[in-house]
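Quick look at upload-v7.pdb (PDB, C-alpha atoms and all ligand atoms):
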```
MODEL        1
ATOM      1  CA  MET A 315      20.428  25.595 -11.680
ATOM      2  CA  GLY A 316      17.380  23.361 -11.547
ATOM      3  CA  THR A 317      16.852  20.677  -8.949
ATOM      4  CA  VAL A 318      17.113  17.195 -10.436
ATOM      5  CA  ILE A 319      15.047  14.519  -8.693
ATOM      6  CA  THR A 320      15.067  10.833  -9.625
ATOM      7  CA  PHE A 321      12.283   8.473  -8.603
ATOM      8  CA  ALA A 322      13.759   5.067  -7.901
ATOM      9  CA  ASN A 323      12.636   1.685  -6.650
ATOM     10  CA  GLN A 324      13.534  -1.547  -8.392
ATOM     11  CA  LYS A 325      10.066  -2.852  -7.598
ATOM     12  CA  GLY A 326       7.517  -2.201 -10.297
ATOM     13  CA  GLY A 327       4.072  -0.837  -9.568
ATOM     14  CA  VAL A 328       5.003   1.220  -6.497
ATOM     15  CA  GLY A 329       4.045   4.621  -7.918
ATOM     16  CA  LYS A 330       7.269   5.988  -9.444
ATOM     17  CA  THR A 331       5.648   7.055 -12.701
ATOM     18  CA  THR A 332       2.420   8.252 -11.070
ATOM     19  CA  THR A 333       4.458  10.395  -8.686
ATOM     20  CA  ALA A 334       6.711  11.807 -11.408
ATOM     21  CA  VAL A 335       3.805  13.017 -13.539
ATOM     22  CA  ASN A 336       1.572  14.272 -10.745
ATOM     23  CA  LEU A 337       4.245  15.871  -8.587
ATOM     24  CA  GLY A 338       5.520  17.464 -11.793
ATOM     25  CA  ALA A 339       2.087  18.822 -12.645
ATOM     26  CA  THR A 340       1.363  20.126  -9.151
ATOM     27  CA  LEU A 341       4.794  21.809  -8.998
ATOM     28  CA  ALA A 342       4.018  23.397 -12.378
ATOM     29  CA  GLU A 343       0.669  24.617 -11.000
ATOM     30  CA  THR A 344       2.590  26.658  -8.418
ATOM     31  CA  GLY A 345       4.417  28.436 -11.250
ATOM     32  CA  ARG A 346       7.615  26.355 -11.256
ATOM     33  CA  THR A 347       8.922  25.148 -14.583
ATOM     34  CA  VAL A 348       9.250  21.380 -14.806
ATOM     35  CA  LEU A 349      10.935  18.990 -17.214
ATOM     36  CA  LEU A 350       9.915  15.336 -17.027
ATOM     37  CA  VAL A 351      12.412  12.775 -18.292
ATOM     38  CA  ASP A 352      11.057   9.332 -19.096
ATOM     39  CA  PHE A 353      14.001   6.992 -18.549
ATOM     40  CA  ASP A 354      12.032   3.757 -18.657
ATOM     41  CA  SER A 355      11.692   1.596 -21.761
ATOM     42  CA  GLN A 356       8.020   1.056 -20.930
ATOM     43  CA  GLY A 357       7.392   4.715 -21.717
ATOM     44  CA  ASN A 358       4.580   4.988 -19.163
ATOM     45  CA  LEU A 359       5.487   8.521 -18.160
ATOM     46  CA  SER A 360       5.299   9.626 -21.792
ATOM     47  CA  SER A 361       1.859   8.069 -22.264
ATOM     48  CA  SER A 362       0.687   9.611 -18.986
ATOM     49  CA  VAL A 363       0.919  13.037 -20.616
ATOM     50  CA  GLY A 364      -0.169  11.856 -24.054
ATOM     51  CA  ALA A 365       3.267  12.605 -25.554
ATOM     52  CA  ASP A 366       4.205  11.657 -29.098
ATOM     53  CA  ARG A 367       6.521   8.685 -28.737
ATOM     54  CA  THR A 368       7.337   8.385 -32.429
ATOM     55  CA  GLY A 369       9.580  11.455 -32.414
ATOM     56  CA  PRO A 370      13.023  11.834 -30.827
ATOM     57  CA  GLY A 371      13.295  11.028 -27.128
ATOM     58  CA  ILE A 372      15.881  10.566 -24.418
ATOM     59  CA  TYR A 373      17.533   7.673 -26.287
ATOM     60  CA  GLN A 374      18.469   9.988 -29.166
ATOM     61  CA  VAL A 375      19.773  12.489 -26.632
ATOM     62  CA  ILE A 376      22.005  10.082 -24.705
ATOM     63  CA  SER A 377      23.334   8.552 -27.898
ATOM     64  CA  GLY A 378      24.394  12.013 -29.054
ATOM     65  CA  GLU A 379      22.074  12.196 -32.073
ATOM     66  CA  LEU A 380      20.558  15.476 -30.962
ATOM     67  CA  PRO A 381      20.785  17.947 -28.089
ATOM     68  CA  ALA A 382      18.314  17.666 -25.213
ATOM     69  CA  ASP A 383      16.450  20.886 -26.074
ATOM     70  CA  LYS A 384      15.541  19.448 -29.494
ATOM     71  CA  ALA A 385      13.816  16.491 -27.840
ATOM     72  CA  VAL A 386      11.610  18.506 -25.469
ATOM     73  CA  GLN A 387       7.833  18.350 -25.981
ATOM     74  CA  GLU A 388       5.098  20.333 -24.300
ATOM     75  CA  THR A 389       2.531  18.501 -22.152
ATOM     76  CA  PRO A 390      -1.134  19.307 -21.408
ATOM     77  CA  GLN A 391       0.046  20.873 -18.126
ATOM     78  CA  SER A 392       1.236  24.413 -18.722
ATOM     79  CA  GLY A 393       4.795  24.908 -17.442
ATOM     80  CA  MET A 394       5.603  21.193 -17.703
ATOM     81  CA  SER A 395       7.534  19.639 -20.603
ATOM     82  CA  ILE A 396       8.803  16.144 -21.268
ATOM     83  CA  ILE A 397      11.568  14.236 -22.994
ATOM     84  CA  THR A 398       9.994  10.907 -23.880
ATOM     85  CA  GLY A 399      11.303   7.411 -23.289
ATOM     86  CA  GLY A 400      10.468   4.119 -24.850
ATOM     87  CA  ALA A 401      11.504   0.739 -26.141
ATOM     88  CA  ASP A 402      14.794   1.934 -27.677
ATOM     89  CA  LEU A 403      16.119   2.427 -24.128
ATOM     90  CA  THR A 404      16.322  -1.355 -23.774
ATOM     91  CA  GLY A 405      18.988  -1.241 -26.475
ATOM     92  CA  ALA A 406      20.742   1.654 -24.768
ATOM     93  CA  SER A 407      21.450  -0.319 -21.618
ATOM     94  CA  VAL A 408      23.162  -2.973 -23.730
ATOM     95  CA  GLU A 409      25.071  -0.507 -25.913
ATOM     96  CA  LEU A 410      26.314   1.485 -22.935
ATOM     97  CA  VAL A 411      27.740  -1.478 -21.063
ATOM     98  CA  ASN A 412      31.135  -1.292 -22.737
ATOM     99  CA  GLU A 413      31.368   2.482 -22.976
ATOM    100  CA  GLU A 414      33.743   4.479 -20.858
ATOM    101  CA  ARG A 415      32.066   6.583 -18.186
ATOM    102  CA  ARG A 416      28.874   4.725 -18.967
ATOM    103  CA  GLU A 417      27.336   5.898 -15.682
ATOM    104  CA  TYR A 418      27.363   9.536 -16.786
ATOM    105  CA  PHE A 419      25.463   9.433 -20.071
ATOM    106  CA  LEU A 420      22.202  10.848 -18.777
ATOM    107  CA  ARG A 421      23.906  13.451 -16.617
ATOM    108  CA  LYS A 422      25.918  14.685 -19.588
ATOM    109  CA  ALA A 423      22.924  14.622 -21.886
ATOM    110  CA  LEU A 424      20.764  16.727 -19.565
ATOM    111  CA  ALA A 425      23.452  19.188 -18.454
ATOM    112  CA  PRO A 426      22.719  21.756 -21.224
ATOM    113  CA  VAL A 427      19.072  22.110 -20.155
ATOM    114  CA  THR A 428      19.111  21.717 -16.369
ATOM    115  CA  ASP A 429      19.374  25.468 -15.769
ATOM    116  CA  ARG A 430      16.287  26.150 -17.884
ATOM    117  CA  TYR A 431      13.892  24.507 -15.436
ATOM    118  CA  ASP A 432      13.206  24.742 -11.731
ATOM    119  CA  TYR A 433      12.685  20.987 -11.456
ATOM    120  CA  ILE A 434      13.850  18.112 -13.611
ATOM    121  CA  LEU A 435      12.073  14.890 -12.654
ATOM    122  CA  ILE A 436      13.533  11.603 -13.883
ATOM    123  CA  ASP A 437      11.429   8.437 -13.912
ATOM    124  CA  SER A 438      13.475   5.233 -13.774
ATOM    125  CA  PRO A 439      12.782   1.583 -14.645
ATOM    126  CA  PRO A 440      11.931  -1.185 -12.175
ATOM    127  CA  SER A 441      15.475  -2.549 -11.912
ATOM    128  CA  LEU A 442      18.828  -1.587 -10.483
ATOM    129  CA  GLY A 443      20.574  -1.776 -13.843
ATOM    130  CA  LEU A 444      22.583   0.744 -15.811
ATOM    131  CA  LEU A 445      19.598   2.972 -16.613
ATOM    132  CA  THR A 446      18.717   3.451 -12.943
ATOM    133  CA  LEU A 447      22.398   3.980 -12.177
ATOM    134  CA  ASN A 448      22.487   6.736 -14.823
ATOM    135  CA  ALA A 449      19.329   8.281 -13.369
ATOM    136  CA  LEU A 450      20.900   8.371  -9.888
ATOM    137  CA  VAL A 451      24.179   9.797 -11.165
ATOM    138  CA  ALA A 452      22.254  12.556 -12.969
ATOM    139  CA  ALA A 453      20.321  13.685  -9.862
ATOM    140  CA  GLN A 454      20.849  15.718  -6.705
ATOM    141  CA  ASN A 455      17.914  14.073  -5.015
ATOM    142  CA  VAL A 456      16.249  10.695  -4.980
ATOM    143  CA  ILE A 457      12.697  10.007  -3.907
ATOM    144  CA  ILE A 458      11.806   6.409  -3.108
ATOM    145  CA  PRO A 459       8.114   5.624  -3.486
ATOM    146  CA  LEU A 460       7.053   2.737  -1.272
ATOM    147  CA  GLN A 461       3.750   0.976  -1.460
ATOM    148  CA  CYS A 462       2.106   0.564   1.935
ATOM    149  CA  GLU A 463       2.179  -3.214   2.033
ATOM    150  CA  TYR A 464       3.986  -5.950   3.847
ATOM    151  CA  PHE A 465       6.599  -6.611   1.166
ATOM    152  CA  ALA A 466       7.338  -2.920   0.657
ATOM    153  CA  LEU A 467      10.583  -3.088   2.569
ATOM    154  CA  GLU A 468      11.898  -6.006   0.606
ATOM    155  CA  GLY A 469      14.677  -4.768  -1.617
ATOM    156  CA  LEU A 470      14.925  -1.423   0.167
ATOM    157  CA  THR A 471      18.299  -2.347   1.680
ATOM    158  CA  GLN A 472      19.652  -3.166  -1.740
ATOM    159  CA  LEU A 473      18.352   0.105  -3.162
ATOM    160  CA  LEU A 474      19.928   2.075  -0.313
ATOM    161  CA  GLN A 475      23.229   0.259  -0.907
ATOM    162  CA  ASN A 476      23.074   1.309  -4.532
ATOM    163  CA  ILE A 477      22.445   4.900  -3.549
ATOM    164  CA  LYS A 478      25.486   4.735  -1.210
ATOM    165  CA  ARG A 479      27.572   3.323  -4.018
ATOM    166  CA  VAL A 480      26.542   6.143  -6.317
ATOM    167  CA  GLN A 481      27.346   8.694  -3.580
ATOM    168  CA  ASN A 482      30.761   7.140  -2.987
ATOM    169  CA  SER A 483      31.829   6.531  -6.562
ATOM    170  CA  TYR A 484      29.993   8.792  -8.990
ATOM    171  CA  ASN A 485      27.914  11.545  -7.475
ATOM    172  CA  LYS A 486      28.738  12.908  -4.034
ATOM    173  CA  GLU A 487      25.889  15.429  -4.078
ATOM    174  CA  LEU A 488      23.163  12.764  -4.341
ATOM    175  CA  ASP A 489      20.839  13.041  -1.369
ATOM    176  CA  LEU A 490      18.006  10.804  -0.216
ATOM    177  CA  PHE A 491      15.339  13.485  -0.469
ATOM    178  CA  GLY A 492      12.649  11.320   0.987
ATOM    179  CA  ILE A 493      10.628   8.152   1.176
ATOM    180  CA  LEU A 494       7.091   8.521  -0.067
ATOM    181  CA  PHE A 495       4.250   6.227   0.876
ATOM    182  CA  THR A 496       1.854   5.550  -1.959
ATOM    183  CA  MET A 497      -1.400   3.649  -2.415
ATOM    184  CA  TYR A 498      -2.255   3.915   1.249
ATOM    185  CA  ASP A 499      -5.440   2.141   2.195
ATOM    186  CA  LYS A 500      -6.772   3.219   5.574
ATOM    187  CA  ARG A 501      -8.942   0.129   5.831
ATOM    188  CA  THR A 502      -5.958  -2.136   6.383
ATOM    189  CA  ARG A 503      -4.087  -2.117   9.658
ATOM    190  CA  LEU A 504      -1.091  -3.582   7.916
ATOM    191  CA  ALA A 505      -0.571  -0.318   6.043
ATOM    192  CA  ASP A 506      -0.254   1.558   9.340
ATOM    193  CA  ASP A 507       2.199  -0.999  10.686
ATOM    194  CA  VAL A 508       4.415  -0.616   7.630
ATOM    195  CA  VAL A 509       4.270   3.186   7.808
ATOM    196  CA  GLN A 510       5.161   3.185  11.514
ATOM    197  CA  GLU A 511       8.050   0.780  10.991
ATOM    198  CA  VAL A 512       9.571   2.885   8.215
ATOM    199  CA  ILE A 513       9.098   6.155  10.137
ATOM    200  CA  GLY A 514      10.775   4.504  13.126
ATOM    201  CA  TYR A 515      13.770   3.729  10.970
ATOM    202  CA  PHE A 516      14.016   6.704   8.607
ATOM    203  CA  GLY A 517      12.438   9.429  10.734
ATOM    204  CA  LYS A 518      12.265  12.805   8.985
ATOM    205  CA  ARG A 519      13.304  11.298   5.675
ATOM    206  CA  VAL A 520       9.754  10.051   5.305
ATOM    207  CA  PHE A 521       7.426  12.554   3.626
ATOM    208  CA  ARG A 522       4.568  13.535   5.903
ATOM    209  CA  THR A 523       2.290  13.474   2.888
ATOM    210  CA  ILE A 524       0.990   9.981   2.262
ATOM    211  CA  ILE A 525      -0.590   9.293  -1.122
ATOM    212  CA  PRO A 526      -3.813   7.323  -0.670
ATOM    213  CA  ARG A 527      -5.160   4.751  -3.054
ATOM    214  CA  ASN A 528      -7.399   6.768  -5.373
ATOM    215  CA  VAL A 529      -8.953   5.463  -8.549
ATOM    216  CA  ARG A 530      -8.607   8.874 -10.262
ATOM    217  CA  LEU A 531      -4.836   8.482 -10.105
ATOM    218  CA  ALA A 532      -5.122   5.210 -11.982
ATOM    219  CA  GLU A 533      -7.611   6.589 -14.526
ATOM    220  CA  ALA A 534      -5.889   9.860 -15.472
ATOM    221  CA  PRO A 535      -3.011   8.291 -17.490
ATOM    222  CA  SER A 536      -5.415   6.649 -19.925
ATOM    223  CA  HIS A 537      -6.644  10.156 -20.786
ATOM    224  CA  GLY A 538      -3.094  11.393 -21.253
ATOM    225  CA  ILE A 539      -3.361  14.081 -18.579
ATOM    226  CA  PRO A 540      -2.143  14.457 -14.984
ATOM    227  CA  VAL A 541      -4.674  13.966 -12.214
ATOM    228  CA  ASN A 542      -5.024  17.702 -11.413
ATOM    229  CA  LEU A 543      -6.370  18.303 -14.920
ATOM    230  CA  TYR A 544      -8.463  15.137 -14.912
ATOM    231  CA  ASP A 545     -10.227  15.746 -11.601
ATOM    232  CA  PRO A 546      -9.049  18.915  -9.837
ATOM    233  CA  GLY A 547     -10.959  18.258  -6.637
ATOM    234  CA  CYS A 548     -10.231  14.580  -6.054
ATOM    235  CA  VAL A 549      -8.213  13.304  -3.130
ATOM    236  CA  GLY A 550      -5.422  12.173  -5.480
ATOM    237  CA  THR A 551      -4.983  15.729  -6.751
ATOM    238  CA  ARG A 552      -5.067  17.199  -3.265
ATOM    239  CA  SER A 553      -2.486  14.759  -1.951
ATOM    240  CA  TYR A 554      -0.034  15.485  -4.777
ATOM    241  CA  GLN A 555      -0.568  19.218  -4.203
ATOM    242  CA  LYS A 556       0.360  18.653  -0.572
ATOM    243  CA  LEU A 557       3.415  16.705  -1.648
ATOM    244  CA  ALA A 558       4.451  19.554  -3.968
ATOM    245  CA  GLU A 559       4.247  21.989  -1.029
ATOM    246  CA  GLU A 560       6.348  19.668   1.082
ATOM    247  CA  VAL A 561       8.943  19.291  -1.669
ATOM    248  CA  LEU A 562       9.168  23.074  -2.105
ATOM    249  CA  HIS A 563       9.509  23.513   1.631
ATOM    250  CA  ARG A 564      12.270  20.900   1.903
ATOM    251  CA  ALA A 565      14.109  22.259  -1.109
ATOM    252  CA  LYS A 566      14.173  25.680   0.564
ATOM    253  CA  ALA A 567      15.363  24.195   3.820
ATOM    254  CA  THR A 568      18.305  22.460   2.130
ATOM    255  CA  GLN A 569      19.283  25.616   0.236
ATOM    256  CA  THR A 570      19.551  27.634   3.415
ATOM    257  CA  ARG A 571      21.272  24.881   5.356
TER     258      ARG A 571
HETATM  259  N1  LIG B 601      -2.236   6.235  -5.295
HETATM  260  C1  LIG B 601      -2.711   5.409  -6.245
HETATM  261  N2  LIG B 601      -3.993   5.004  -6.231
HETATM  262  C2  LIG B 601      -4.456   4.165  -7.166
HETATM  263  N3  LIG B 601      -3.731   3.673  -8.173
HETATM  264  C3  LIG B 601      -2.449   4.053  -8.255
HETATM  265  C4  LIG B 601      -1.864   4.934  -7.307
HETATM  266  N4  LIG B 601      -0.577   5.133  -7.641
HETATM  267  C5  LIG B 601      -0.355   4.403  -8.740
HETATM  268  N5  LIG B 601      -1.465   3.739  -9.128
HETATM  269  C6  LIG B 601      -1.606   2.801 -10.251
HETATM  270  O1  LIG B 601      -0.802   1.662  -9.931
HETATM  271  C7  LIG B 601      -0.093   1.225 -11.061
HETATM  272  C8  LIG B 601       1.407   1.287 -10.815
HETATM  273  O2  LIG B 601       1.794   2.639 -10.614
HETATM  274  P1  LIG B 601       3.067   3.250 -11.373
HETATM  275  O3  LIG B 601       3.147   4.678 -11.010
HETATM  276  O4  LIG B 601       2.998   2.926 -12.835
HETATM  277  O5  LIG B 601       4.234   2.445 -10.686
HETATM  278  P2  LIG B 601       5.772   2.267 -11.141
HETATM  279  O6  LIG B 601       6.116   3.395 -12.052
HETATM  280  O7  LIG B 601       6.549   2.277  -9.868
HETATM  281  O8  LIG B 601       5.854   0.945 -11.824
HETATM  282  C9  LIG B 601      -0.541   2.089 -12.225
HETATM  283  O9  LIG B 601      -1.597   1.427 -12.896
HETATM  284  C10 LIG B 601      -1.049   3.346 -11.535
HETATM  285  O10 LIG B 601      -2.067   3.993 -12.292
HETATM  286 MG    MG B 602       6.892   3.257 -14.006
ENDMDL
END
```
Could the structure of this file be written out as structure tokens, please?
Amino acid sequence: MGTVITFANQKGGVGKTTTAVNLGATLAETGRTVLLVDFDSQGNLSSSVGADRTGPGIYQVISGELPADKAVQETPQSGMSIITGGADLTGASVELVNEERREYFLRKALAPVTDRYDYILIDSPPSLGLLTLNALVAAQNVIIPLQCEYFALEGLTQLLQNIKRVQNSYNKELDLFGILFTMYDKRTRLADDVVQEVIGYFGKRVFRTIIPRNVRLAEAPSHGIPVNLYDPGCVGTRSYQKLAEEVLHRAKATQTR
């Protein structure tokens, strides 16, 4: 059975989508099979790999129109596929509100394909609404990207409370896989202060890999390819490769625990 990881943070612009696509691609480079799931109505993850957003996507899958495997598209990264997301998801969160077991739609929808991949990576929207709840219920692991800035910790308590709630009520196996620092800028002392504060509090839960600010990471999506294909030698690529190694290492450690 594949490992399902959701990227969550109700703040926008912290690196959820960037991490989903580039961790996915660097995991695929190591020979793992990866399925990306774009569960955000903005559809940024889908555009990041140049996917066709006019065809069926995750909305059609959760609404039961077609099985997940029929919505899978290849991406420019060999070994990595995607189920696209987009504007119709905005409607889904409204439609689901009155449904029974509305927290389990994504989990149910993905169940038939989770054993076909080593990693299923779910990108979630910048809110703590029903879509994010579904993404957390569908996962075994959650990664929280945090931007290295003063306000990074704002809202973290609320996010952690939500994760607890999901663990208690819907999905016992959900684990906080790690907190990932993104957009680190070594020129600012503030960044170091924030990193130290979070490490002091969360200890080993914090990934040792810190993703630096790197313009290649911001440019790659406009070309519809992950950073490792856009600029294989850049610091953005190398840092996501390091993160992939760390994720593989941690996944092994939990399996043998
Ligand atoms: N490490 C980084 N260095 C430079 N730009 C980045 C980095 N990570 C993300 N970005 C850019 O910052 C913006 C927000 O990142 P994104 O991954 O879309 O955040 P989220 O999905 O949490 O809203 C995007 O324009 C993205 O290209
Ligand atoms: Mg995003």
**OP:** Let me have all residues with an atom within 10 Å of ligand MG 602 (chain B), counting all atoms listed in the file, laid out as a ChimeraX atom specification.
**Re:** /A:321-334,352-359,437-440
Where is the centre and how long are the edges: axis-aligned box on range 384-399 of chain A, 3 Å on each side, Å to one decimal, as lines of an AutoDock Vina configuration file:
```
center_x = 7.2
center_y = 16.2
center_z = -23.5
size_x = 22.7
size_y = 23.5
size_z = 18.1
```
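Each of A:Gln391, A:Ser536, A:Thr551, A:Thr496 was checked against Phe521 in chain A using all atoms listed in the file; the smallest atom-to-atom distance is that of A:Thr496.
With all atoms listed in the file as the atoms that count, the minimum distance from Leu460 in chain A to the choices A:Met497, A:Val351, A:Leu562, A:Ala534 is reached by A:Met497.
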Original post:
Taking the file as shown, what set of residues would the PyMOL selection byres (((chain A and resi 527) around 6) and not hetatm) give back, as a ChimeraX atom specification?
Top reply: /A:497-499,526,528
Original post:
Given the file above and the PyMOL selection byres (((chain A and resi 470) around 12) and not hetatm), which residues are selected, and can you give them as number ranges by chain?
Top reply: A: 322-325, 442, 458-461, 465-469, 471-477, 493, 512, 516
**OP:** Kindly resolve the PyMOL selection byres (((chain A and resi 370) around 12) and not hetatm) on the present coordinates and return the residues as a PyMOL selection string.
**Re:** chain A and resi 365-369+371-387+396-400+402-403
Selection above as a file: C-alpha atoms, as an mmCIF file, in the frame of the given file:
```cif
data_model
loop_
_atom_site.group_PDB
_atom_site.id
_atom_site.type_symbol
_atom_site.label_atom_id
_atom_site.label_comp_id
_atom_site.auth_asym_id
_atom_site.auth_seq_id
_atom_site.Cartn_x
_atom_site.Cartn_y
_atom_site.Cartn_z
ATOM 1 C CA ALA A 365 3.267 12.605 -25.554
ATOM 2 C CA ASP A 366 4.205 11.657 -29.098
ATOM 3 C CA ARG A 367 6.521 8.685 -28.737
ATOM 4 C CA THR A 368 7.337 8.385 -32.429
ATOM 5 C CA GLY A 369 9.580 11.455 -32.414
ATOM 6 C CA GLY A 371 13.295 11.028 -27.128
ATOM 7 C CA ILE A 372 15.881 10.566 -24.418
ATOM 8 C CA TYR A 373 17.533 7.673 -26.287
ATOM 9 C CA GLN A 374 18.469 9.988 -29.166
ATOM 10 C CA VAL A 375 19.773 12.489 -26.632
ATOM 11 C CA ILE A 376 22.005 10.082 -24.705
ATOM 12 C CA SER A 377 23.334 8.552 -27.898
ATOM 13 C CA GLY A 378 24.394 12.013 -29.054
ATOM 14 C CA GLU A 379 22.074 12.196 -32.073
ATOM 15 C CA LEU A 380 20.558 15.476 -30.962
ATOM 16 C CA PRO A 381 20.785 17.947 -28.089
ATOM 17 C CA ALA A 382 18.314 17.666 -25.213
ATOM 18 C CA ASP A 383 16.450 20.886 -26.074
ATOM 19 C CA LYS A 384 15.541 19.448 -29.494
ATOM 20 C CA ALA A 385 13.816 16.491 -27.840
ATOM 21 C CA VAL A 386 11.610 18.506 -25.469
ATOM 22 C CA GLN A 387 7.833 18.350 -25.981
ATOM 23 C CA ILE A 396 8.803 16.144 -21.268
ATOM 24 C CA ILE A 397 11.568 14.236 -22.994
ATOM 25 C CA THR A 398 9.994 10.907 -23.880
ATOM 26 C CA GLY A 399 11.303 7.411 -23.289
ATOM 27 C CA GLY A 400 10.468 4.119 -24.850
ATOM 28 C CA ASP A 402 14.794 1.934 -27.677
ATOM 29 C CA LEU A 403 16.119 2.427 -24.128
#
```
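Here the question is which of A:Leu447, A:Val520, A:Ala532, A:Leu337 gets nearest to Gln555 in chain A using only C-alpha atoms, and that residue is A:Leu337.
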Subject >> Top pick for closest residue to ligand LIG 601 (chain B), considering A:Gln510, A:Ser395, A:Asn542, A:Asn336 and counting all atoms listed in the file >> reply: A:Asn336
